[in-house]
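Scroll down for the structure; my scribbles are underneath it.
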Amino acid sequence: MAALRCCSAGWREADLKVPRHGAGDRYKRRSVRWRSPQSAVIPNFHLPMRSFEVKNRTSSEDIKSLRLITAIKTPYLPDGRFDLEAYDALVNMQIVNGVEGVIVGGTTGEGQLMSWDEHIMLIGHTVNCFGGSVKVIGNTGSNSTREAIHATEQGFAVGMHAALHINPYYGKTSMDGLISHFDSVLPMGPTIIYNVPSRTGQDIPPSVIHSIAKSPNLAGIKECMGNDRVERYTNNGIVVWCGNDDQCHDARWNHGAIGVISVTSNLVPGLMQRLIFGGNNPALNSNLMPLIEWLFEEPNPIGLNTALAQLGVIRPVFRLPYVPLPRAKRVEFVNLVKEIGRRNFIGEEDVQVLEDDDFILVGRY
């Protein structure tokens with residue numbers, strides 16, 4: 001008897017029999033057990049990226065060595081489109097002042113207000129213009145695992161050195177769900193996990209981090225839950241960047257953090273470089289604290305956007321729902337610049353108090 005193989009239907013070999021010629025036997029079928037075909041399940045198979053096609057291939061060890069990373073601001077033209085000329089000047093000023101990496105399209109860069117096309121374009125633009133001088137870390141995280149996978153594939157395809165991933169926000173998941181979410185994106189390349197419960201509404205507990213730490217692509221954690229949490233990780237060999245500028249000095253010099261992912265460095269990259277590279281310096285940390293507190297009186301990036309506009313390095317254009325700080329706070333910033341010294345801030349124009357009518361608020365772009 002001849003045996004037929006029907007793999008696509010899930011039958012086993014020899015499950016079907018054919019009679020001898022002229023025997024008059026009817027077809028007989030053995031009792032069979034259905035088995036799901038295996039060919040449809042391909043784990044960790046990502047398109048369109050292929051490892052040998054990726055530009056600027058970087059290992060997680062390269063990312064782990066970065067000490068000062070700026071969450072770079074995205075400036076706009078009056079119609080709400082990206083102002084790439086101003087953006088390039090901002091990134092260049094970071095590089096000149098010793099910044100080693102930039103987060104593109106993060107919260108500070110207003111990735112939450114971008115289309116994915118804009119987002120990936122800006123990552124690719126940053127790589128093409130500055131990828132040889134600074135590590136480009138694309139914020140390709142999402143509360144949708146499907147979107148996070150797709151955006152991360154695209155980000156690595158256009159050359160980013162690492163990805164930044166947040167835990168799913170608003171539609172929160174379980175601890176097992178967090179692990180599955182991160183396990184879906186970690187195989188693609190070097191990754192920084194970002195824990196900021198004040199924005200996501202959910203802490204990423206150490207149990208989740210320790211579970212995913214076995215991945216060679218986990219570069220480290222951007223941690224916003226305080227220096228006790230920072231030290232807990234660093235004592236276990238996990239790289240941590242402080243996510244709070246007001247805590248970064250102590251995190252770096254007293255709790256084992258490798259460095260900081262900073263908002264304040266957009267304004268004073270040279271001073272932040274001294275704070276992170278120059279050894280324990282409580283006096284400098286104390287001098288910077290009034291500026292840091294001013295920056296975060298309202299949700300980031302409202303203060304930063306206002307400050308950069310008053311320094312004359314970006315146009316005073318806001319994508320809604322962000323609006324500038326009130327005039328009294330704008331006056332406070334001018335006084336802070338004078339106290340710290342204009343030479344320590346980016347740009348060359350005199351700082352000025354902008355009036356309400358100077359700002360452009362864009363809701364459709």
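Letters A, B, ... mark the chains of the structure tokens in the order given; residue numbers begin at 1 per chain; ligand numbers begin at 1, in order shown.
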
*Can you tell me, as a list in words, what residues are no more than 9 Å from Asn344 in chain A when counting only C-alpha atoms, ignoring any on the same chain fewer than 4 positions away?*
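The residues satisfying every condition are Leu267, Val268, Pro269, Gly270, Leu271, Val337 and Ile340 of chain A.
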
_Picked from range 221-350 of chain A by DSSP as strand (DSSP E or B), as a list in words_ = Ile221, Lys222, Glu223, Val240, Trp241, Cys242, Gly259, Val260, Ile261, Ser262, Val317, Phe318 and Arg319 of chain A

Could you write out the selected residues, including N, CA and C atoms, as a compact mmCIF listing (two decimals), in the first residue's frame?
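As written to disk, out.txt reads:
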# COMPACT_ATOMS: atom_id res chain seq x y z
N ILE A 221 18.21 50.57 32.05
CA ILE A 221 16.93 51.13 32.45
C ILE A 221 17.06 52.63 32.61
N LYS A 222 16.12 53.38 32.08
CA LYS A 222 15.94 54.78 32.46
C LYS A 222 14.92 54.78 33.60
N GLU A 223 15.40 55.06 34.81
CA GLU A 223 14.58 54.86 36.00
C GLU A 223 14.20 56.18 36.65
N VAL A 240 21.89 51.62 34.79
CA VAL A 240 20.76 52.54 35.02
C VAL A 240 21.17 53.95 34.64
N TRP A 241 20.27 54.62 33.91
CA TRP A 241 20.36 56.07 33.71
C TRP A 241 19.28 56.71 34.58
N CYS A 242 19.66 57.70 35.35
CA CYS A 242 18.68 58.42 36.13
C CYS A 242 17.76 59.18 35.18
N GLY A 259 24.79 57.31 34.43
CA GLY A 259 24.62 58.69 33.99
C GLY A 259 23.17 59.10 34.04
N VAL A 260 22.79 59.97 33.11
CA VAL A 260 21.45 60.56 33.11
C VAL A 260 20.94 60.68 31.68
N ILE A 261 19.64 60.52 31.53
CA ILE A 261 18.94 60.93 30.29
C ILE A 261 18.22 62.21 30.67
N SER A 262 18.70 63.32 30.14
CA SER A 262 18.42 64.64 30.71
C SER A 262 17.57 65.52 29.81
N VAL A 317 6.93 78.33 18.63
CA VAL A 317 5.80 77.59 18.07
C VAL A 317 5.53 76.36 18.94
N PHE A 318 4.29 76.19 19.35
CA PHE A 318 3.89 75.04 20.17
C PHE A 318 2.86 74.22 19.43
N ARG A 319 3.08 72.93 19.38
CA ARG A 319 2.00 72.02 18.96
C ARG A 319 1.10 71.80 20.17

_For the helix (DSSP H, G or I) assignment from backbone DSSP, which residues of range 94-276 of chain A qualify? Please present them as JSON, numbers by chain._
{"A": [94, 95, 96, 111, 112, 113, 116, 117, 118, 119, 120, 121, 122, 123, 124, 125, 126, 127, 128, 129, 130, 145, 146, 147, 148, 149, 150, 151, 152, 153, 154, 155, 156, 157, 175, 176, 177, 178, 179, 180, 181, 182, 183, 184, 185, 186, 187, 188, 197, 198, 199, 200, 206, 207, 208, 209, 210, 211, 212, 227, 228, 229, 230, 231, 232, 233, 234, 245, 246, 247, 248, 249, 250, 251, 252, 253, 254, 264, 265, 266, 269, 270, 271, 272, 273, 274, 275, 276]}

Writing out the chosen residues with C-alpha atoms as a JSON list (two decimals), in the first residue's frame:
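File produced: part_10.json:
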[["chain", "number", "residue", "atom", "x", "y", "z"],
["A", 94, "GLN", "CA", 24.82, 69.02, 22.27],
["A", 95, "ILE", "CA", 27.70, 67.26, 20.52],
["A", 96, "VAL", "CA", 30.04, 70.25, 20.88],
["A", 111, "GLY", "CA", 7.00, 61.94, 19.89],
["A", 112, "GLN", "CA", 3.48, 61.63, 21.27],
["A", 113, "LEU", "CA", 2.45, 64.46, 18.92],
["A", 116, "TRP", "CA", 4.92, 57.48, 12.86],
["A", 117, "ASP", "CA", 6.05, 58.74, 9.44],
["A", 118, "GLU", "CA", 7.38, 61.93, 11.05],
["A", 119, "HIS", "CA", 8.90, 59.93, 13.88],
["A", 120, "ILE", "CA", 10.88, 57.53, 11.70],
["A", 121, "MET", "CA", 11.90, 60.32, 9.34],
["A", 122, "LEU", "CA", 13.38, 62.31, 12.23],
["A", 123, "ILE", "CA", 15.28, 59.27, 13.51],
["A", 124, "GLY", "CA", 16.70, 58.65, 10.03],
["A", 125, "HIS", "CA", 17.57, 62.32, 9.58],
["A", 126, "THR", "CA", 19.42, 62.39, 12.90],
["A", 127, "VAL", "CA", 21.37, 59.25, 12.01],
["A", 128, "ASN", "CA", 22.33, 60.55, 8.59],
["A", 129, "CYS", "CA", 23.47, 63.93, 9.89],
["A", 130, "PHE", "CA", 24.98, 63.06, 13.27],
["A", 145, "THR", "CA", 2.93, 45.81, 21.01],
["A", 146, "ARG", "CA", 2.15, 45.63, 17.30],
["A", 147, "GLU", "CA", 3.02, 49.32, 16.83],
["A", 148, "ALA", "CA", 6.14, 49.01, 18.98],
["A", 149, "ILE", "CA", 7.39, 46.08, 16.89],
["A", 150, "HIS", "CA", 6.72, 47.84, 13.59],
["A", 151, "ALA", "CA", 8.23, 51.18, 14.66],
["A", 152, "THR", "CA", 11.32, 49.49, 16.12],
["A", 153, "GLU", "CA", 11.86, 47.52, 12.91],
["A", 154, "GLN", "CA", 11.71, 50.77, 10.97],
["A", 155, "GLY", "CA", 13.92, 52.63, 13.42],
["A", 156, "PHE", "CA", 16.71, 50.07, 13.20],
["A", 157, "ALA", "CA", 16.27, 49.90, 9.43],
["A", 175, "MET", "CA", 3.21, 41.74, 34.87],
["A", 176, "ASP", "CA", 3.28, 38.74, 32.53],
["A", 177, "GLY", "CA", 1.98, 41.03, 29.80],
["A", 178, "LEU", "CA", 4.83, 43.49, 30.42],
["A", 179, "ILE", "CA", 7.37, 40.70, 30.06],
["A", 180, "SER", "CA", 5.76, 39.49, 26.83],
["A", 181, "HIS", "CA", 5.63, 43.06, 25.47],
["A", 182, "PHE", "CA", 9.34, 43.68, 26.11],
["A", 183, "ASP", "CA", 10.30, 40.19, 24.91],
["A", 184, "SER", "CA", 8.64, 41.06, 21.59],
["A", 185, "VAL", "CA", 10.95, 44.02, 20.90],
["A", 186, "LEU", "CA", 14.22, 43.09, 22.63],
["A", 187, "PRO", "CA", 15.41, 40.68, 19.89],
["A", 188, "MET", "CA", 15.67, 43.56, 17.39],
["A", 197, "PRO", "CA", 4.95, 55.71, 36.41],
["A", 198, "SER", "CA", 3.91, 59.38, 36.66],
["A", 199, "ARG", "CA", 3.17, 59.22, 32.92],
["A", 200, "THR", "CA", 2.23, 55.58, 32.34],
["A", 206, "PRO", "CA", 12.24, 44.91, 39.57],
["A", 207, "SER", "CA", 10.77, 41.44, 39.07],
["A", 208, "VAL", "CA", 9.97, 42.33, 35.45],
["A", 209, "ILE", "CA", 13.38, 43.87, 34.82],
["A", 210, "HIS", "CA", 15.20, 40.87, 36.26],
["A", 211, "SER", "CA", 13.11, 38.58, 34.06],
["A", 212, "ILE", "CA", 14.07, 40.38, 30.85],
["A", 227, "ASN", "CA", 17.72, 56.43, 43.90],
["A", 228, "ASP", "CA", 16.83, 53.49, 46.13],
["A", 229, "ARG", "CA", 15.52, 51.73, 43.02],
["A", 230, "VAL", "CA", 18.59, 52.86, 41.07],
["A", 231, "GLU", "CA", 20.91, 51.32, 43.65],
["A", 232, "ARG", "CA", 18.91, 48.11, 43.79],
["A", 233, "TYR", "CA", 19.57, 47.60, 40.08],
["A", 234, "THR", "CA", 23.19, 48.72, 40.03],
["A", 245, "ASP", "CA", 17.45, 65.69, 36.57],
["A", 246, "ASP", "CA", 17.01, 66.77, 40.20],
["A", 247, "GLN", "CA", 18.31, 63.37, 41.39],
["A", 248, "CYS", "CA", 20.93, 62.64, 38.75],
["A", 249, "HIS", "CA", 23.98, 63.99, 40.57],
["A", 250, "ASP", "CA", 23.42, 61.77, 43.61],
["A", 251, "ALA", "CA", 22.35, 58.85, 41.40],
["A", 252, "ARG", "CA", 25.62, 59.09, 39.50],
["A", 253, "TRP", "CA", 28.04, 59.61, 42.37],
["A", 254, "ASN", "CA", 26.33, 57.89, 45.31],
["A", 264, "THR", "CA", 18.08, 70.20, 31.37],
["A", 265, "SER", "CA", 21.03, 69.40, 29.09],
["A", 266, "ASN", "CA", 19.01, 70.86, 26.21],
["A", 269, "PRO", "CA", 24.79, 70.84, 28.10],
["A", 270, "GLY", "CA", 28.22, 71.99, 29.24],
["A", 271, "LEU", "CA", 27.16, 72.27, 32.88],
["A", 272, "MET", "CA", 25.40, 68.92, 32.76],
["A", 273, "GLN", "CA", 28.55, 67.41, 31.26],
["A", 274, "ARG", "CA", 30.55, 68.70, 34.24],
["A", 275, "LEU", "CA", 27.91, 67.38, 36.64],
["A", 276, "ILE", "CA", 28.05, 63.85, 35.20]]

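Between Leu291 in chain A and the candidates A:Pro326, A:Leu308, A:Asn236, A:Leu336, the tightest atom-to-atom separation, counting only C-alpha atoms, involves A:Leu336.
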
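You can rank A:Lys172, A:Arg67, A:Lys338, A:His165 by their closest distance to Asp203 in chain A using only C-alpha atoms, and at the top of that list sits A:Lys172.
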
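In this comparison, which uses only C-alpha atoms, the residue of A:Ile72, A:Val158, A:Val323, A:Leu284 approaching Gly106 in chain A most closely is A:Ile72.
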
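Minimum atom-to-atom distance to Glu293 in chain A, evaluated using only C-alpha atoms, belongs to A:Val263 out of A:Val263, A:His161, A:Asn143, A:Lys135.
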